[in-house]
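What follows is input.txt (compact mmCIF, C-alpha atoms).
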```txt
# COMPACT_ATOMS: atom_id res chain seq x y z
CA MET A 53 -9.64 12.32 -17.16
CA ALA A 54 -6.74 13.00 -14.84
CA MET A 55 -6.71 12.60 -11.11
CA VAL A 56 -4.61 15.12 -9.24
CA LEU A 57 -3.14 13.70 -6.05
CA MET A 58 -0.85 15.79 -4.10
CA VAL A 59 1.63 14.97 -1.97
CA ASP A 60 3.82 17.72 -0.87
CA SER A 61 2.56 21.20 -0.12
CA ALA A 62 4.27 22.73 -3.15
CA GLN A 63 4.90 19.85 -5.49
CA MET A 64 2.44 17.85 -7.52
CA ILE A 65 2.17 14.77 -9.66
CA VAL A 66 -0.61 14.44 -12.21
CA ILE A 67 -1.63 10.94 -13.15
CA GLY A 68 -3.73 10.54 -16.24
CA ALA A 69 -5.39 7.71 -18.08
CA CYS A 70 -2.26 7.00 -20.11
CA ASP A 71 0.12 6.81 -17.16
CA THR A 72 1.46 10.27 -17.91
CA PHE A 73 3.40 11.72 -15.02
CA LEU A 74 4.09 15.46 -15.08
CA CYS A 75 6.46 16.29 -12.24
CA ARG A 76 6.91 19.90 -11.23
CA SER A 77 9.87 18.96 -9.13
CA SER A 78 12.18 16.01 -8.71
CA GLY A 79 12.34 16.76 -4.98
CA ILE A 80 9.01 15.20 -4.00
CA LYS A 81 9.10 13.73 -0.51
CA ARG A 82 5.47 12.68 0.00
CA LEU A 83 3.24 10.97 -2.52
CA ARG A 84 -0.31 9.64 -2.18
CA LEU A 85 -2.04 7.66 -4.92
CA VAL A 86 -5.64 6.68 -4.17
CA SER A 87 -8.08 4.87 -6.49
CA SER A 88 -5.84 5.52 -9.50
CA TYR A 89 -7.46 2.79 -11.57
CA HIS A 90 -5.64 3.70 -14.78
CA LEU A 91 -2.23 3.48 -13.13
CA SER A 92 -0.24 0.51 -14.42
CA ASP A 93 2.91 -1.31 -13.36
CA GLU A 94 4.76 0.11 -16.34
CA GLY A 95 3.74 3.71 -15.60
CA LEU A 96 4.76 3.60 -11.95
CA ILE A 97 8.01 1.80 -12.70
CA GLU A 98 8.85 4.44 -15.31
CA VAL A 99 8.50 7.31 -12.85
CA ALA A 100 10.17 5.56 -9.91
CA SER A 101 13.64 6.78 -10.82
CA LYS A 102 12.41 10.40 -10.47
CA LEU A 103 11.39 9.85 -6.85
CA SER A 104 14.76 9.25 -5.24
CA LEU A 105 14.02 11.72 -2.41
CA LEU A 106 10.68 10.15 -1.51
CA GLU A 107 10.17 9.59 2.22
CA GLU A 108 6.44 8.81 2.44
CA LEU A 109 4.44 6.79 -0.10
CA ASP A 110 0.76 5.83 0.02
CA ILE A 111 -0.66 3.53 -2.69
CA SER A 112 -4.28 2.76 -1.84
CA LEU A 113 -6.98 0.99 -3.86
CA CYS A 114 -4.93 1.02 -7.08
CA LYS A 115 -6.26 -2.30 -8.27
CA ASN A 116 -4.20 -2.66 -11.46
CA LEU A 117 -0.83 -2.73 -9.73
CA SER A 118 1.17 -5.85 -8.91
CA HIS A 119 4.18 -6.30 -6.64
CA LYS A 120 6.60 -5.34 -9.42
CA PRO A 121 6.53 -1.53 -8.96
CA VAL A 122 6.76 -2.04 -5.19
CA LYS A 123 10.12 -3.69 -5.66
CA VAL A 124 11.34 -1.01 -8.09
CA LEU A 125 10.17 1.80 -5.81
CA GLY A 126 11.99 0.23 -2.90
CA ARG A 127 15.22 0.17 -4.87
CA SER A 128 14.70 3.69 -6.26
CA CYS A 129 13.71 5.38 -3.00
CA PRO A 130 16.44 4.73 -0.42
CA LEU A 131 15.06 7.41 1.93
CA LEU A 132 11.59 5.84 2.19
CA LYS A 133 10.45 5.77 5.82
CA SER A 134 6.68 5.35 5.54
CA PHE A 135 4.84 3.05 3.11
CA LYS A 136 1.12 2.36 2.80
CA LEU A 137 -0.06 -0.34 0.41
CA ASN A 138 -3.78 -0.66 1.00
CA GLU A 139 -6.31 -2.83 -0.78
CA LYS A 140 -9.92 -3.96 -0.43
CA TRP A 141 -9.92 -7.30 1.30
CA HIS A 142 -11.26 -10.16 -0.81
CA LYS A 143 -11.25 -13.86 0.01
CA TYR A 144 -9.60 -15.74 -2.85
CA SER A 145 -9.54 -19.48 -3.34
CA ASP A 146 -6.36 -21.26 -2.25
CA ASP A 147 -5.24 -21.83 -5.84
CA PHE A 148 -6.21 -18.42 -7.24
CA PHE A 149 -2.70 -16.95 -7.26
CA GLU A 150 -1.07 -20.11 -8.51
CA GLU A 151 -3.28 -19.94 -11.60
CA ILE A 152 -1.89 -16.50 -12.57
CA ILE A 153 1.33 -17.07 -14.49
CA ASP A 154 3.62 -14.07 -15.02
CA ASP A 155 7.21 -14.24 -16.26
CA ASP A 156 6.87 -18.04 -16.21
CA GLU A 157 6.21 -18.06 -12.46
CA PRO A 158 2.93 -18.11 -10.51
CA TRP A 159 1.92 -15.23 -8.30
CA SER A 160 2.02 -15.64 -4.55
CA LYS A 161 -0.03 -14.14 -1.73
CA ASP A 162 3.29 -12.94 -0.30
CA ASP A 163 4.57 -11.14 -3.40
CA ASP A 164 3.97 -7.66 -1.93
CA ALA A 165 5.44 -8.58 1.44
CA LEU A 166 8.55 -10.17 -0.08
CA ALA A 167 9.09 -7.14 -2.35
CA ILE A 168 8.96 -4.89 0.73
CA ALA A 169 11.29 -7.16 2.68
CA GLU A 170 13.78 -7.26 -0.17
CA THR A 171 14.00 -3.54 -0.89
CA MET A 172 12.61 -1.37 1.94
CA HIS A 173 14.93 -2.02 4.85
CA GLY A 174 14.72 1.54 6.21
CA LEU A 175 10.97 1.62 6.83
CA HIS A 176 9.70 3.02 10.13
CA HIS A 177 5.98 2.85 9.34
CA LEU A 178 4.16 0.23 7.25
CA GLN A 179 0.45 -0.12 6.53
CA LEU A 180 -0.78 -3.17 4.60
CA PHE A 181 -4.54 -2.88 4.99
CA GLY A 182 -6.41 -5.73 3.29
CA ASN A 183 -3.27 -7.39 1.98
CA GLN A 184 -3.14 -11.09 1.08
CA LEU A 185 0.15 -11.77 2.87
CA THR A 186 0.60 -14.87 5.02
CA ASN A 187 2.85 -15.55 8.00
CA VAL A 188 5.70 -16.26 5.58
CA GLY A 189 5.59 -12.74 4.15
CA LEU A 190 5.19 -11.09 7.53
CA MET A 191 8.17 -12.98 8.93
CA ALA A 192 10.28 -11.79 5.98
CA ILE A 193 9.28 -8.19 6.72
CA LEU A 194 10.18 -8.52 10.40
CA ASP A 195 13.54 -10.04 9.50
CA SER A 196 14.38 -7.36 6.93
CA CYS A 197 12.91 -4.14 8.36
CA PRO A 198 14.57 -3.69 11.77
CA HIS A 199 13.50 -0.04 12.20
CA LEU A 200 9.73 -0.55 12.12
CA GLU A 201 7.90 1.49 14.74
CA SER A 202 4.33 0.92 13.52
CA LEU A 203 2.71 -1.89 11.54
CA ASP A 204 -0.91 -1.91 10.40
CA LEU A 205 -2.21 -5.36 9.44
CA ARG A 206 -5.95 -4.70 9.64
CA TYR A 207 -8.08 -6.89 7.36
CA CYS A 208 -5.07 -9.12 6.55
CA PHE A 209 -7.07 -12.25 7.25
CA ASN A 210 -4.57 -14.75 5.89
CA LEU A 211 -2.40 -14.14 8.95
CA ASN A 212 -2.39 -16.26 12.08
CA LEU A 213 -0.94 -14.15 14.88
CA GLU A 214 -2.01 -16.17 17.90
CA GLY A 215 1.41 -17.77 18.42
CA ASP A 216 5.07 -16.78 18.36
CA LEU A 217 4.76 -14.51 15.33
CA GLY A 218 2.13 -12.35 17.01
CA ARG A 219 4.27 -12.08 20.12
CA ARG A 220 7.29 -11.17 18.03
CA CYS A 221 5.35 -8.35 16.36
CA LYS A 222 4.32 -6.87 19.69
CA GLU A 223 7.80 -7.21 21.20
CA LYS A 224 9.60 -5.78 18.18
CA ILE A 225 7.23 -2.99 17.10
CA ARG A 226 5.86 -0.20 19.28
CA LYS A 227 2.43 0.05 17.60
CA VAL A 228 0.81 -2.97 15.91
CA LEU A 229 -2.74 -3.06 14.52
CA LEU A 230 -4.04 -6.61 14.11
CA PRO A 231 -6.38 -7.94 11.39
CA THR A 232 -9.50 -7.64 13.53
CA ASP A 233 -8.74 -4.28 15.15
CA SER A 234 -11.13 -1.35 14.67
CA ILE A 235 -11.16 0.37 11.27
CA ALA A 236 -13.03 3.45 12.50
CA ASP A 237 -10.15 5.73 11.53
CA TYR A 238 -9.35 4.09 8.17
CA GLY A 239 -11.50 6.22 5.86
CA LEU A 240 -11.47 4.00 2.75
CA MET A 241 -13.60 1.05 1.68
CA PRO A 242 -12.12 -1.95 3.53
CA SER A 243 -13.44 -4.87 1.49
CA THR A 244 -15.33 -5.83 -1.65
CA ASP A 245 -18.32 -6.81 0.48
CA TRP A 246 -18.42 -3.72 2.67
CA GLN A 247 -20.96 -0.90 2.43
CA SER A 248 -20.75 2.38 4.28
CA PRO A 249 -23.45 2.76 6.96
CA ARG A 250 -23.84 6.37 5.87
CA PRO A 251 -22.99 8.45 2.76
CA ILE A 252 -19.29 9.14 2.39
CA SER A 253 -18.56 12.85 2.55
CA PRO A 254 -15.98 14.61 0.38
CA PRO A 255 -12.72 15.59 2.09
CA SER A 256 -12.57 18.61 4.35
CA PRO A 257 -11.42 21.93 2.85
CA LYS A 258 -7.86 21.41 4.07
CA HIS A 259 -7.64 18.45 1.65
CA TRP A 260 -9.14 20.14 -1.40
CA ALA A 261 -5.72 21.06 -2.75
CA PHE A 262 -4.83 17.39 -2.80
CA TRP A 263 -7.79 16.06 -4.77
CA GLU A 264 -9.69 16.71 -7.95
CA TRP A 265 -13.20 15.34 -7.62
CA ASP A 266 -15.36 14.66 -10.64
```

Could you express the structure from this file as structure tokens?
Amino acid sequence: MAMVLMVDSAQMIVIGACDTFLCRSSGIKRLRLVSSYHLSDEGLIEVASKLSLLEELDISLCKNLSHKPVKVLGRSCPLLKSFKLNEKWHKYSDDFFEEIIDDDEPWSKDDDALAIAETMHGLHHLQLFGNQLTNVGLMAILDSCPHLESLDLRYCFNLNLEGDLGRRCKEKIRKVLLPTDSIADYGLMPSTDWQSPRPISPPSPKHWAFWEWD
């Protein structure tokens, strides 16, 4: 089954179970991928080179992706101004990431943040809802993304922003959302332990062109 996620009013990407990307145009500027559980690192890396004009990218709740396509997308999309990389928050043990060995090196809680810092220097807007990053990763982003105007760190509970780093965020960036700020406007499931207080409604008619619901 394919999930159709649209992203620009006249251009579409279809993502299927086998990471098949059918692009109607190479001029896509906005792309949103939500709950694309069959999407893999390899599939997203393969299509990255076709998205050189991308300006806005939203990757939310795509649980099978690592930091690797983030780095490739950053290098392939020099015009990228807005990036959302949203996850369900989950509390992992301190040694969880170190036990995952990939390419002869352990994973790190800051892999996503360091990939962003290394390749997405032109970002103006960044949302990292539920990310595992620590102060180390956030500092790298602040050092490498001088144009940030908004930064959403809600549910990023590995951060400690009570000291100098928190002050630096507020001084450097016009709009900052902190880990414990309200999630009333978020719209997606924020954590693995969270349950909606009421049934979740399908999107409004203006969004129907962007989704295929089964």

Checklist entry - Looking at only C-alpha atoms, which of A:Leu240, A:His177, A:Ala165, A:Leu117 is the one that sits closest to Gly189 (chain A)? => result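 Checking each of A:Leu240, A:His177, A:Ala165, A:Leu117 against Gly189 (chain A), counting only C-alpha atoms, the winner is A:Ala165.
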
Item to check | One-decimal distance in Å that lies between CA of Tyr207 (chain A) and CA of Leu229 (chain A) | outcome: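 Here the two named atoms are 9.7 Å from each other.
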
Checklist entry - How many Å lie between CA of Gly215 (chain A) and CA of Leu203 (chain A), rounded to one decimal? => result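 These atoms are spaced 17.4 Å apart.
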
Checklist outcome for this item: Using all atoms listed in the file, the residue out of A:Ser87, A:Ser234, A:Ser92, A:Ser101 with shortest distance to Pro130 (chain A) is A:Ser101

Checklist entry - Given the choices A:Val124, A:Val188, A:Ile235, A:Leu230, which gets closest to Lys102 (chain A) if the distance is worked out from only C-alpha atoms? => result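 Selected residue with least distance to Lys102 (chain A): A:Val124.
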
Item to check | Selection near Leu180 (chain A), 9 Å with all atoms listed in the file, sequence-local residues under 5 positions removed, as a list in words | outcome: Phe135, Lys136, Leu137, Asn138, Glu139, Ala165, Leu185, Leu203, Asp204, Leu205, Arg206, Tyr207 and Cys208 of chain A

Checklist outcome for this item: Counting only C-alpha atoms, the residue among A:Thr171, A:Ser134, A:Thr232, A:Thr186 that lies closest to Leu211 (chain A) is A:Thr186

Item to check | Between CA of Met241 (chain A) and CA of Asn116 (chain A) - distance in Å to one decimal | outcome: 16.6 Å

Checklist entry - So, counting only C-alpha atoms, which residue among A:Ile80, A:Met191, A:Leu85, A:Leu178 is closest to Lys227 (chain A)? => result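 So, comparing all the options, the nearest one is A:Leu178.
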
Within 12 Å of Glu214 (chain A), counting only C-alpha atoms, which residues show up once you throw out same-chain ones fewer than 6 positions away? Write them as a PDB file with C-alpha atoms, in the coordinates of the input, please.
```
ATOM      1  CA  ASN A 187       2.850 -15.550   8.000  1.00  0.00           C
ATOM      2  CA  ARG A 220       7.290 -11.170  18.030  1.00  0.00           C
ATOM      3  CA  CYS A 221       5.350  -8.350  16.360  1.00  0.00           C
ATOM      4  CA  LYS A 222       4.320  -6.870  19.690  1.00  0.00           C
ATOM      5  CA  LEU A 230      -4.040  -6.610  14.110  1.00  0.00           C
ATOM      6  CA  PRO A 231      -6.380  -7.940  11.390  1.00  0.00           C
TER       7      PRO A 231
END
```

Checklist outcome for this item: From the list A:Ala167, A:Leu96, A:Leu109, A:Cys114, the nearest residue to Arg127 (chain A) using only C-alpha atoms is A:Ala167
